[in-house]
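Student: Next up is a structure, given as C-alpha cells.
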Amino acid sequence: MQITSPAFKQNARHALDDAQLQKALGNVRGGFIDKRQKAVDALPEFDALRDSARDIKNHTLENLDLYLEAYEKQVTAAGGHVHWAETAADARRIVLDICRMTNARTVTKGKSMITEEIELNDFLEAAGIQPIETDLGEYIIQLRGEHPSHIIAPAVHVNKEQVEADFRRVHNHLAPDRDLTEPETLLDEARRILRAKYFEADVGITGANFLVAETGSSIIVTNEGNGDLTQLLPRVHVVLASIEKIVPTLNDASQILRVLARSATGQDMSVYTTLSTGPKRNGDPDGPEQYHVILLDNGRSSMLGTEFQEMLRCIRCGACMNHCPVYHAIGGHAYGWVYPGPMGAVLTPALIGIDKGGHLPNASTFCGRCEAVCPMKIPLPKMMRHWREKEFERGLNPATQRYGLGIWAWFARRPWAYNLATSLGIPVLGMLGGRNRRFSWLPLAGGWTRHRDLPAPDSRTFRQQWRERDAIKQGALS
Amino acid sequence: MNATSDRPKVGLFVTCLVDLFRPVVGFAAVKLIEDAGCQVDVPMAQTCCGQPAYNSGDRADTRAIAENTIRAFEGFDYVVAPSGSCAGMLKKHYPALFKGDPAWEARAKAFSAKVHELVSFLVDVRGMDRVTAANAGAVTYHDSCSGLRELGIKGQPRALLSSMAGTEIREMRDPDVCCGFGGTFCVKYPDISNATVEQKTGCIEASGAKTLLAGDLGCLMNMAGKLKRQGSRVEARHVAEVLAGMTDTAPIGGKG
Ligand code: SF4
C-alpha cells in the first residue's frame, strides 16, 4: 500500500470535499458512540475491567519473550508450526512458501489488518494466487480496489448505494433486475457468492485477536462467522498475527474480551468467538490438516522499553477513531497508511518512521476523548506529544512553524520583554479591531481567518489595567 | 483593618489569551474569587502556561516557561486560572516536565497541588453553591476538553448557572465534543478544524440558546469567530463574566 501520509493535508482536503464520504462518515458519528455508551452503562465494573485489561497487557509486555516462547511450545505440541517474521517481506515469503508447498491456487481470508500491513493481497496475486476476502466489509473494498478506512469497519466510508453498484458490476452473472436496495439483500448475495469460494480455497488465512501462551490457541472474534469457515474448510490454516497479540492465559483473554466488543460495537460479546489450537486431531470431524502461525514483528519490538511501549496494549477495537473529531471529519484514508485515527497517529510513525508519518500525531486537538474511551487506557495524546518531541528534536517540523514558535518562546521565557511587547502591541491590535470588535482578515493569521473571524482584543491587556487599578488603590490609601 | 490577612491568598494565573484578548474575564475571576472569601493578587512575572511550546514538542522552552511560572506563584495558597486547558497544563503536565529532576520535581508537585480551574475552585474548594448575578437568559454551555477530561469539570459551572434566577440552560447536542480549536491545531490544520467547529456551531444554533458559554477563551474565540462568520446572533461569553454579572462588555467577537 502506497504511503500517502506525507500528503495528509491534501488527503484531508479531498476527504472534506468528498460528498459521498461525508455522508458515510455520519454513520460513525452516530452509530458506534451511542452503542458503546449503552454497553458501558450496563456494566458497572467496566472501568475496573479496563484496569485489569491494562494490567494484563502490561505484565505480558514486560515478559513478552517468555510468553512468546511458551506459546510457540504449545503450538508445536498441538501439531502446529510457528514461523517468526521480522519484517513484512519475511511474512510474505513465509505465506508464499506455505501456499507453494500445498499447491494453493485460492486463499480465503478472514479480516486481518496485519495482512494489510504486509500488503499480502497484491503480493499473492502477483504470484498467481487468488486471495478472497470473506469479511463482508473487506469483500466490498476488495471489489472496489480500495483499502480499509477503519480497523473494524473497513468499508465504513462506502454508502449502501455504492455497494449495490459494485455488486451489479462484479456479480454480472446474476439477474440484472434483482432487488438490492436493502442491506439484507446485499448481505445475502455476498453470502451466496462467498459460500462457493470457501470450498474452493486451499489455504485459509486469519488474523488473531489473541494468542494464548497457556494453550497455544489463537482467538478470533467475528460477527459474520466468516472466520470460522475460513479456518475450518481449507486444508491449511495460516494465522498471521503480530507479536503483541499474546496473552498469558485463557482467563486473561476472556477478561479482555469483556471490554473488546463493548468498546468496538457496543455488543456484550461478538457473535462468534473462535479458538483454534493446532490442526485437526485424530477423531476430529473437521479442521485443517496443517496449522501455521506467522508471528510478525515489523518494528514492534523496537517500541519495547520506549515511551511508545504502551501502544502495544492496543486490541484494535476502534473506539478511539469512533470518538475522534478528526477522524469524523476526514475518515480513515486521509491518514495515508494502514492504521487511521488516534491509534494510527501513534502506531504509524513507529512503523513507517516519523519522517513519513509526522502529520499524524500533529493532526490532533488533544481533546482526549480517545484516551477516555480506550479500553486499554492507552495515553494516546501523551504519545502523540512524544512523537512531536521526536520531530522537534530532529528538526522535522516546517521552518515557518519553528521560526514562529522560536520568537514566541523567546518572549514567553522573559516576562519583562513579554510585558513590554504585549503592552505595546495589544493596544494597536485593539484599535484596528474597530467597532465590530473582530477581524475577518489579518496578516499572518490566514490559518484562522480563512474560516472564521478573529475576535479583537481590548485596548489594553489585563495586566496593564490591573496595574493601573493597583496604582489607584495605592494612591487612595496613601 | 478587616480580616483580609486571614483569607487564603490566591494567585490569579490570568492565561495569555485572557490577558491579551479579554481582560474582563480576569476581572470577573477576581470578583468571584473574592466573593468566595479569598484575597487575590496577580504576579506580573507570569506569561503563558507554555502549551504552545509543549504541544509542539519543544520541551526546553516549556521547561523554562514552567520554571518562571512556578517561581512566580510560590508564595500563594492557591493558584487559580480561568481556563481548564491552562489549569490542566499547570496541574497535570508540569510535574511530568520535571520528573526525575531533584532540584525541581518536588517544587513542581507542590505547585501543581495548589492549582485549580476557576469554577471548580469556587465550587469544589470554596464550597460556593450560588452566585448573586442576575438572570442570564437562555444559555448553552460547551464543555471544553481539558477541563472536562483532565479536571472533571462538568457539573460545577452548570450548578452555579442554575443558581441564577431566570437562567435557563439549554443543553446542546454533544456538549462534550471538541470544538476543533486545539491551540496551534486550528492554524496548522485549518480545514479540519473548520469542519469540526461547523459541527459545533450547528449544535449551538440548534439548542436555541441566546448565549454560548464555556470556561476556555481559546475555544470561545474559535466558536465565536465561526458563529460571527456564519452571521449567527448567538453571543459568546466566558462563563466567569456571566457568573460575576460583568456583561457590560461586548460579547466575544462583538455584537451583531
Ligand atoms: S488505541 Fe485503544 S481505543 Fe484505539 S483501537 Fe487500540 S485499544 Fe481500541
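Every chain in the C-alpha cells has a letter given in the order shown (A, B, ...), and although residue numbers restart at 1 in each chain, ligands are simply numbered from 1 in the order shown.
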Which residues come within 12 Å of Trp441 of chain A, counting only C-alpha atoms, excluding same-chain residues fewer than 4 positions away, as a CSV table (one decimal) with C-alpha atoms, in the first residue's frame?

Tutor:
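Here's the written file result21.csv:
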```
chain,number,residue,atom,x,y,z
A,432,LEU,CA,-7.6,48.0,14.5
A,433,GLY,CA,-10.4,45.8,15.7
A,445,ALA,CA,-3.5,35.0,10.7
A,446,GLY,CA,-4.8,33.4,7.5
A,447,GLY,CA,-5.0,29.9,9.0
A,448,TRP,CA,-7.5,31.4,11.4
A,449,THR,CA,-9.4,33.9,9.3
A,450,ARG,CA,-9.8,31.7,6.3
A,451,HIS,CA,-12.7,30.0,8.0
A,452,ARG,CA,-13.7,32.3,10.9
A,453,ASP,CA,-13.4,35.8,12.3
A,454,LEU,CA,-10.9,36.7,14.9
A,455,PRO,CA,-12.2,38.4,17.9
A,456,ALA,CA,-10.3,41.7,18.5
B,225,GLY,CA,-15.3,33.5,15.3
B,229,ARG,CA,-18.6,34.4,10.1
```

Student: Please, which residues have at least one atom within 8 Å of an atom of ligand 1, using only C-alpha atoms and all ligand atoms, listed as a list in words?

Tutor: Ile151, Leu260, Ser263, Ala264, Met311, Arg313, Cys314, Ile315, Arg316, Cys317, Gly318, Ala319, Cys320, Met321, Gly341, Pro342, Met343, Cys370, Glu371, Val373, Cys374, Pro375, Met376, Lys377, Ile378 and Leu380 of chain A

Student: Please provide the set of residues having any atom within 9 Å of segment 95-98 of chain B, restricted to only C-alpha atoms, with same-chain residues fewer than 4 positions apart removed, written as a PyMOL selection string.

Tutor: chain B and resi 59+62-63+66+90-91+102-109+111-112

Student: Taking the DSSP secondary structure from the backbone, can you list the residues of segment 34-240 of chain A that are strand (DSSP E), as a PyMOL selection string?

Tutor: chain A and resi 81-85+106-109+130-133+203-206+210-212+217-222+236-240

Student: Select, as a ChimeraX atom specification, those residues of chain A with any atom no more than 6 Å from chain B (distances computed using only C-alpha atoms).

Tutor: /A:365,367,388-389,392,412-413,415,436-438,447-448,452-455,457-458,461-462

Student: Any chance you can output those residues with N, CA, C and O atoms as a compact mmCIF listing (two decimals), in the first residue's frame?

Tutor:
```
# COMPACT_ATOMS: atom_id res chain seq x y z
N THR A 365 -6.33 17.61 18.23
CA THR A 365 -6.56 18.75 19.11
C THR A 365 -6.21 18.40 20.55
O THR A 365 -6.37 19.24 21.42
N CYS A 367 -7.96 16.50 22.36
CA CYS A 367 -9.21 16.62 23.11
C CYS A 367 -9.33 15.50 24.13
O CYS A 367 -10.12 15.59 25.08
N ARG A 388 5.75 14.38 18.64
CA ARG A 388 6.06 15.77 18.28
C ARG A 388 7.42 16.15 18.85
O ARG A 388 8.17 16.92 18.21
N GLU A 389 7.74 15.62 20.03
CA GLU A 389 9.05 15.92 20.60
C GLU A 389 10.17 15.33 19.74
O GLU A 389 11.18 15.98 19.48
N PHE A 392 10.54 17.49 16.77
CA PHE A 392 11.17 18.76 17.11
C PHE A 392 12.67 18.56 17.31
O PHE A 392 13.47 19.34 16.79
N ALA A 412 8.04 34.53 25.71
CA ALA A 412 7.33 33.88 26.82
C ALA A 412 8.27 33.50 27.96
O ALA A 412 7.87 33.38 29.11
N ARG A 413 9.55 33.31 27.62
CA ARG A 413 10.53 32.97 28.66
C ARG A 413 10.99 34.20 29.44
O ARG A 413 11.65 34.07 30.46
N PRO A 415 9.53 37.46 31.05
CA PRO A 415 8.34 38.25 31.40
C PRO A 415 8.50 39.74 31.11
O PRO A 415 7.54 40.37 30.65
N ASN A 436 -16.57 46.74 15.13
CA ASN A 436 -17.08 45.38 15.11
C ASN A 436 -16.45 44.47 16.15
O ASN A 436 -16.96 43.42 16.46
N ARG A 437 -15.31 44.88 16.65
CA ARG A 437 -14.55 44.08 17.62
C ARG A 437 -14.13 42.73 17.06
O ARG A 437 -14.09 41.73 17.77
N ARG A 438 -13.87 42.67 15.76
CA ARG A 438 -13.36 41.41 15.20
C ARG A 438 -12.70 41.66 13.85
O ARG A 438 -12.92 42.71 13.24
N GLY A 447 -4.50 31.26 8.59
CA GLY A 447 -4.96 29.93 9.02
C GLY A 447 -6.24 30.05 9.84
O GLY A 447 -7.12 29.22 9.77
N TRP A 448 -6.32 31.13 10.60
CA TRP A 448 -7.51 31.36 11.42
C TRP A 448 -8.63 32.00 10.60
O TRP A 448 -9.77 31.52 10.59
N ARG A 452 -12.92 31.65 9.85
CA ARG A 452 -13.68 32.29 10.94
C ARG A 452 -13.11 33.67 11.22
O ARG A 452 -11.98 33.96 10.87
N ASP A 453 -13.92 34.48 11.87
CA ASP A 453 -13.44 35.79 12.28
C ASP A 453 -12.55 35.65 13.51
O ASP A 453 -12.65 34.69 14.26
N LEU A 454 -11.70 36.66 13.68
CA LEU A 454 -10.85 36.67 14.87
C LEU A 454 -11.33 37.78 15.80
O LEU A 454 -11.30 38.96 15.44
N PRO A 455 -11.82 37.40 17.00
CA PRO A 455 -12.24 38.44 17.94
C PRO A 455 -11.08 39.39 18.24
O PRO A 455 -9.95 38.95 18.42
N PRO A 457 -8.83 42.14 20.41
CA PRO A 457 -8.54 42.36 21.83
C PRO A 457 -9.09 43.71 22.29
O PRO A 457 -9.48 44.55 21.48
N ASP A 458 -9.08 43.90 23.62
CA ASP A 458 -9.42 45.19 24.22
C ASP A 458 -8.34 46.21 23.91
O ASP A 458 -7.34 45.89 23.30
N THR A 461 -4.07 45.35 27.86
CA THR A 461 -4.06 43.99 28.40
C THR A 461 -4.64 44.00 29.81
O THR A 461 -4.73 45.06 30.46
N PHE A 462 -4.99 42.81 30.28
CA PHE A 462 -5.49 42.70 31.64
C PHE A 462 -4.47 43.25 32.62
O PHE A 462 -4.79 43.98 33.56
```

Student: Skipping near chain neighbours, those fewer than 3 positions away, what residues fall within 10 Å of Val10 of chain B using only C-alpha atoms, listed as a list in words?

Tutor: Arg7, Phe13, Val30, Ile33, Glu34, Cys38, Gln39, Val40, Asp41, Val42, Phe73, Gly75, Phe76, Asp77, Tyr78, Val79, Val80, Lys114 and Val115 of chain B

Student: As a VMD selection string, please: the residues near Phe210 of chain A (cut-off 9 Å, only C-alpha atoms, same-chain neighbours under 2 positions excluded).

Tutor: chain A and resid 208 212 217 to 220 241 244 to 247 253 315

Student: So that I can check the surroundings of Glu168 of chain B, please list as a PyMOL selection string every protein, DNA and RNA residue that reaches within 7 Å of it, counting only C-alpha atoms and ignoring chain neighbours fewer than 4 positions away.

Tutor: chain B and resi 137-139

Student: I'd like the interatomic distance between atom CA of Met246 of chain B and atom CA of Gly166 of chain B, to a tenth of an Å.

Tutor: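 Computing it gives 16.8 Å between the two atoms.
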
Student: Report as a ChimeraX atom specification: the residues of segment 121-250 of chain B with a DSSP assignment of helix (DSSP H, G or I), based on the backbone of this structure.

Tutor: /B:121-125,145-151,155-162,185-188,190-207,217-229,239-243

Student: Which value, in Å to one decimal, gives the distance between atom CA of Ser5 of chain B and atom CA of Gln464 of chain A?

Tutor: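 Atom-to-atom, atom CA of Ser5 of chain B and atom CA of Gln464 of chain A are spaced 25.4 Å apart.
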
Student: Which one of A:Arg258, A:His173, A:His150, A:Arg435 sits closest to Pro340 of chain A if you count only C-alpha atoms?

Tutor: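 Ranked by minimum distance to Pro340 of chain A, first place goes to A:His150.
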
Student: Between atom CA of Glu161 of chain A and atom CA of Thr181 of chain A, measure the distance and give it in Å to one decimal.

Tutor: 7.6 Å

Student: Find the residues around Ala134 of chain B up to 10 Å (only C-alpha atoms counted), leave out those fewer than 2 positions away in its own chain, and share them as a list in words.

Tutor: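 Listed by chain and then number, they are Val131, Thr132, Ala136, Gly137, Ser163, Met164, Ala165, Gly166, Thr167, Val242, Leu243, Ala244, Gly245 and Met246 of chain B.
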